[in-house]
Amino acid sequence: MPLYRIKVLVLLFFLSVLGLSAQHAKIDSLNSLLEKTVVKDSVRLNVLNELVYTYYSIDPNTGIKLSKEALRLGFELENHKAIATSYAYQGHNYSAIGEDSLALDSYDRAMEIREKNNNLKGVARLIYNKGLVYFNESDYARANDNNRKAYVIFEKEKDSFLMAKMLNSIGINYMYLSQYPKAIKSYLDAKRIYEDLNLTGDKQYASILSNIGLLYARLEKFDESEGYQKQALDFFKENDFQEGVANALTNLGRVYNHKGDSKKAIESYKQAYDIMEKNSNERGMASALTNTGIAFVEMGDYIEAIPYFNKTKKIYEKLKNTNNLAIVHRNLGDCYALGEDVNFKLAEKNYESSFQYAKEAGSINLQFNALDQLAILQVKMGDYKRAYTNKTKAVVLRDSFSSAEKKEEIALLEADYEYEKEKSELQSDYEKKQAVSKAEMARQHLMITGLSIGALLIVLFSTVAFQLYRKREKVMSEKKLSEFKTKVAETELKALRSQMNPHFIFNAMNSISDYMAKNDVKTANNFLIKFSKLIRAILESSEKKWISLEEDINLTELYMEIESLRLKDKFLHSFKVDDNVDVENTMVPPLILQPFIENSIWHGISQKKTMGHIDVSVKIENQFLVCTVDDDGVGRKNGTNTMGKTSMGLKITKNRLDIINQLKKENGSIHMFDKKEGFRVELKLPLELQF
């Protein structure tokens, strides 16, 4: 073999093993090497492939040009392994410029060759790369199918590094599908693998940090998000990974925007755009422009924002990126609804387009945003019926991705991660101590008796076991606390849902519709105003564990007025509060009496032929707030009163009372009494004062 050929092979080896910290320096070295390898052999082919791969994050158009040369040489040499590599790297470059169909075709060609050669890892890598293409098209479910298939292969091959890479991508797809607990679990599992392998200096580890930062921003933990993004940015800068730098700058800009510093956000987006433009990364350029437009919207400069969104809309339509199209149309809707040149029809059209794109992308979060803004706009337009329908759908969507249960689940996953990390470090320290102990025992074998050796091992084992036991006890204690908090969250959510009873909502809407059909616009309008106030009040109070008694009485009375309208004023009601009760300072759980009042109305009064009465009274007895609901309906014996063990409302109220008793260490209670004519419920709550 010629001497220069040996030198080339040696240089290639060191390039592949050691790498070069700077991408541009690496390209210069490879181009210099390519000029020296004039012979069309496998050495030149390997250099070409290495250049194609390196160019995809810097200049993908040049990378595509070189990939075609590499393929021609590969076919001439009949080097099937290198041909598959050329197709794979060509796919990377096509994907970088948004030519997704060409990228998929390149990956399929490479996969066909690797399957024939039984290169399972190579096939799995290509499956993963196809998943990235689907991700760029906002087809997150299909992207995750590919990621999971690749993960199974890497798991069989026991390749922890590539398993972690798959977990990171799986987490990204779950995040865009608004499945946040699954996303954080995938990220933390990937992060743990990199840490166990001591690969925290790898750019994929920095990518995981950046993705965790993105998730924290969605959870509105902006300080934590900023910390993760800055760690990722520092790493990408040190390693001259320009695409990573641009992505981290874009993510940081979003954090600055959320924290109210839109000008700083725009500066960050400008830096990201310049990098992406230099690298001919159209997708990255569009992302920076979109976020710049969003920053102008946050600043109230809607006229300035519109050109950015119109420009990126065309790019995303070309790229078939439905997720980002949903974002663009949502913000265009804001511009036309809130800007100087108000155009409600154009705003409504954009909000509706945003919802359809979000639905196509499978993003629950973006669907909620579009419907929520559409409902607000339709109220302004006077279209209350459609506004209510869209608002109700939005609330259901919001509950499905931002409920308290999911936040508790995420917190628990984070705690599990920290525990496993500490346990791993403790185990590692223990193993090191064991190794040192064994070496010491070997050196002093003649001086230490078997009894001393045994004693030393027992002490070491006992110390480590005790530390592990304490750690476990701590985590179990935290887990029990988390489970109690989850029960609290579940009960509060069920309480809200009981207040937003679907039968009540739909019956109320039907009553409004009935009044409108009878041309009784005044009554219908009165009904709608009261109903809107009640719904808003319930949604606002749902965020609070306690509200003032005065606020709760007003809320309950509003509910009873609506039910009275539905029953054509078939009952009268009254509230009696003892003089010693400070209604402004006394706190109660929101709408705690509503299930009992609903029962009195529909299972007592509604079945009565004459006018009915419901009396609510509140007094203080021995540090308890005693609330009574008394009706003169048909009662349980004569009617279909269901305030028994099977009542969902009673069950939820009992759960709420159990939680209060546990927190207050008191014995609040619920008692029910059958009367000769009617039914009475007495609720005793531990007295809670605001001041």
# chains A, B, ... in the order shown; residues from 1 in each chain; ligands from 1
>>> residues_around(residues="Asn281 of chain A", least_positions_apart="4", cutoff="10 Å", atoms="only C-alpha atoms", output="MDAnalysis selection string")
chainID A and resid 56:61 93 95:98 243 273 275:277 285:286
>>> residues_around(residues="segment 528-532 of chain A", least_positions_apart="5", cutoff="9 Å", atoms="only C-alpha atoms", output="PDB file with N, CA and C atoms, in the first residue's frame")
ATOM      1  N   TYR A 384     -73.398  34.545  21.286  1.00  0.00           N
ATOM      2  CA  TYR A 384     -73.195  33.936  22.603  1.00  0.00           C
ATOM      3  C   TYR A 384     -73.324  32.411  22.568  1.00  0.00           C
ATOM      4  N   TYR A 388     -70.400  30.054  23.827  1.00  0.00           N
ATOM      5  CA  TYR A 388     -70.520  29.114  24.953  1.00  0.00           C
ATOM      6  C   TYR A 388     -70.078  27.701  24.544  1.00  0.00           C
ATOM      7  N   ILE A 505     -75.913  21.907  32.552  1.00  0.00           N
ATOM      8  CA  ILE A 505     -75.458  22.790  31.471  1.00  0.00           C
ATOM      9  C   ILE A 505     -76.368  22.667  30.250  1.00  0.00           C
ATOM     10  N   ALA A 508     -79.900  23.921  30.867  1.00  0.00           N
ATOM     11  CA  ALA A 508     -79.926  25.382  30.884  1.00  0.00           C
ATOM     12  C   ALA A 508     -79.894  25.934  29.463  1.00  0.00           C
ATOM     13  N   MET A 509     -79.017  25.359  28.622  1.00  0.00           N
ATOM     14  CA  MET A 509     -78.932  25.811  27.235  1.00  0.00           C
ATOM     15  C   MET A 509     -80.253  25.568  26.499  1.00  0.00           C
ATOM     16  N   ILE A 512     -82.723  28.235  27.508  1.00  0.00           N
ATOM     17  CA  ILE A 512     -82.444  29.499  26.802  1.00  0.00           C
ATOM     18  C   ILE A 512     -82.976  29.414  25.385  1.00  0.00           C
ATOM     19  N   THR A 523     -86.451  37.377  28.767  1.00  0.00           N
ATOM     20  CA  THR A 523     -86.192  36.286  29.719  1.00  0.00           C
ATOM     21  C   THR A 523     -84.969  35.479  29.293  1.00  0.00           C
ATOM     22  N   ALA A 537     -68.003  32.305  37.366  1.00  0.00           N
ATOM     23  CA  ALA A 537     -67.710  32.248  38.800  1.00  0.00           C
ATOM     24  C   ALA A 537     -67.213  30.863  39.208  1.00  0.00           C
ATOM     25  N   LEU A 558     -77.092  32.459  42.981  1.00  0.00           N
ATOM     26  CA  LEU A 558     -77.167  32.583  41.527  1.00  0.00           C
ATOM     27  C   LEU A 558     -77.575  31.250  40.906  1.00  0.00           C
ATOM     28  N   TYR A 559     -77.041  30.165  41.439  1.00  0.00           N
ATOM     29  CA  TYR A 559     -77.402  28.835  40.948  1.00  0.00           C
ATOM     30  C   TYR A 559     -78.894  28.568  41.169  1.00  0.00           C
ATOM     31  N   GLU A 561     -81.301  30.757  41.482  1.00  0.00           N
ATOM     32  CA  GLU A 561     -82.112  31.617  40.618  1.00  0.00           C
ATOM     33  C   GLU A 561     -82.262  31.006  39.230  1.00  0.00           C
ATOM     34  N   ILE A 562     -81.150  30.410  38.732  1.00  0.00           N
ATOM     35  CA  ILE A 562     -81.203  29.783  37.399  1.00  0.00           C
ATOM     36  C   ILE A 562     -82.132  28.579  37.417  1.00  0.00           C
TER      37      ILE A 562
END
>>> select_by_dssp(residues="segment 567-599 of chain A", states="alpha helix (DSSP H)", output="ChimeraX atom specification")
/A:594-599
>>> closest_residue(among="A:Tyr134, A:Cys627, A:Pro589, A:His573", to="Gly612 of chain A", atoms="only C-alpha atoms")
A:His573
>>> residues_around(residues="segment 660-668 of chain A", least_positions_apart="2", cutoff="9 Å", atoms="only C-alpha atoms", output="PDB file with N, CA and C atoms, in the first residue's frame")
ATOM      1  N   PHE A 624     -67.411  25.097  65.032  1.00  0.00           N
ATOM      2  CA  PHE A 624     -67.836  24.476  63.772  1.00  0.00           C
ATOM      3  C   PHE A 624     -68.820  25.416  63.088  1.00  0.00           C
ATOM      4  N   ASN A 655     -65.768  13.183  50.514  1.00  0.00           N
ATOM      5  CA  ASN A 655     -64.327  13.162  50.279  1.00  0.00           C
ATOM      6  C   ASN A 655     -63.700  14.516  50.624  1.00  0.00           C
ATOM      7  N   ARG A 656     -64.369  15.602  50.209  1.00  0.00           N
ATOM      8  CA  ARG A 656     -63.862  16.941  50.530  1.00  0.00           C
ATOM      9  C   ARG A 656     -63.818  17.156  52.044  1.00  0.00           C
ATOM     10  N   LEU A 657     -64.860  16.685  52.735  1.00  0.00           N
ATOM     11  CA  LEU A 657     -64.916  16.841  54.188  1.00  0.00           C
ATOM     12  C   LEU A 657     -63.843  15.989  54.871  1.00  0.00           C
ATOM     13  N   ASP A 658     -63.598  14.765  54.348  1.00  0.00           N
ATOM     14  CA  ASP A 658     -62.550  13.910  54.915  1.00  0.00           C
ATOM     15  C   ASP A 658     -61.183  14.576  54.822  1.00  0.00           C
ATOM     16  N   ILE A 670     -71.693  15.082  58.215  1.00  0.00           N
ATOM     17  CA  ILE A 670     -72.904  15.299  57.414  1.00  0.00           C
ATOM     18  C   ILE A 670     -74.017  14.439  58.019  1.00  0.00           C
ATOM     19  N   LEU A 683     -74.702  20.067  57.572  1.00  0.00           N
ATOM     20  CA  LEU A 683     -73.261  19.916  57.318  1.00  0.00           C
ATOM     21  C   LEU A 683     -72.474  20.706  58.355  1.00  0.00           C
ATOM     22  N   LYS A 684     -71.570  20.016  59.073  1.00  0.00           N
ATOM     23  CA  LYS A 684     -70.723  20.684  60.075  1.00  0.00           C
ATOM     24  C   LYS A 684     -69.297  20.726  59.551  1.00  0.00           C
ATOM     25  N   LEU A 685     -68.783  21.970  59.339  1.00  0.00           N
ATOM     26  CA  LEU A 685     -67.425  22.176  58.834  1.00  0.00           C
ATOM     27  C   LEU A 685     -66.542  22.768  59.930  1.00  0.00           C
ATOM     28  N   PRO A 686     -65.285  22.329  60.062  1.00  0.00           N
ATOM     29  CA  PRO A 686     -64.362  23.011  60.981  1.00  0.00           C
ATOM     30  C   PRO A 686     -64.280  24.488  60.618  1.00  0.00           C
TER      31      PRO A 686
END
>>> closest_residue(among="A:Tyr89, A:Ala232, A:Ala164, A:Glu238", to="Val152 of chain A", atoms="only C-alpha atoms")
A:Ala164
>>> closest_residue(among="A:Ile605, A:Ile538, A:Leu102, A:Ile170", to="Leu132 of chain A", atoms="only C-alpha atoms")
A:Ile170
>>> residues_around(residues="segment 217-228 of chain A", least_positions_apart="6", cutoff="12 Å", atoms="only C-alpha atoms", output="number ranges by chain")
A: 175-176, 178-181, 183-184, 205-211, 234-235, 248-260, 365-366, 401-404, 406-407, 410-411
>>> atom_distance(atom1="atom CA of Glu112 of chain A", atom2="atom CA of Ala84 of chain A")
8.4 Å
>>> atom_distance(atom1="atom CA of Phe355 of chain A", atom2="atom CA of Ala326 of chain A")
6.6 Å
>>> residues_around(residues="Met516 of chain A", least_positions_apart="5", cutoff="12 Å", atoms="only C-alpha atoms", output="list in words")
Lys385, Met509, Asn510, Ser511, Val521, Lys522, Thr523, Ala524, Asn525, Asn526, Phe527 and Leu528 of chain A
>>> closest_residue(among="A:Ile303, A:Leu162, A:Leu460, A:Ala25", to="Tyr194 of chain A", atoms="only C-alpha atoms")
A:Leu162
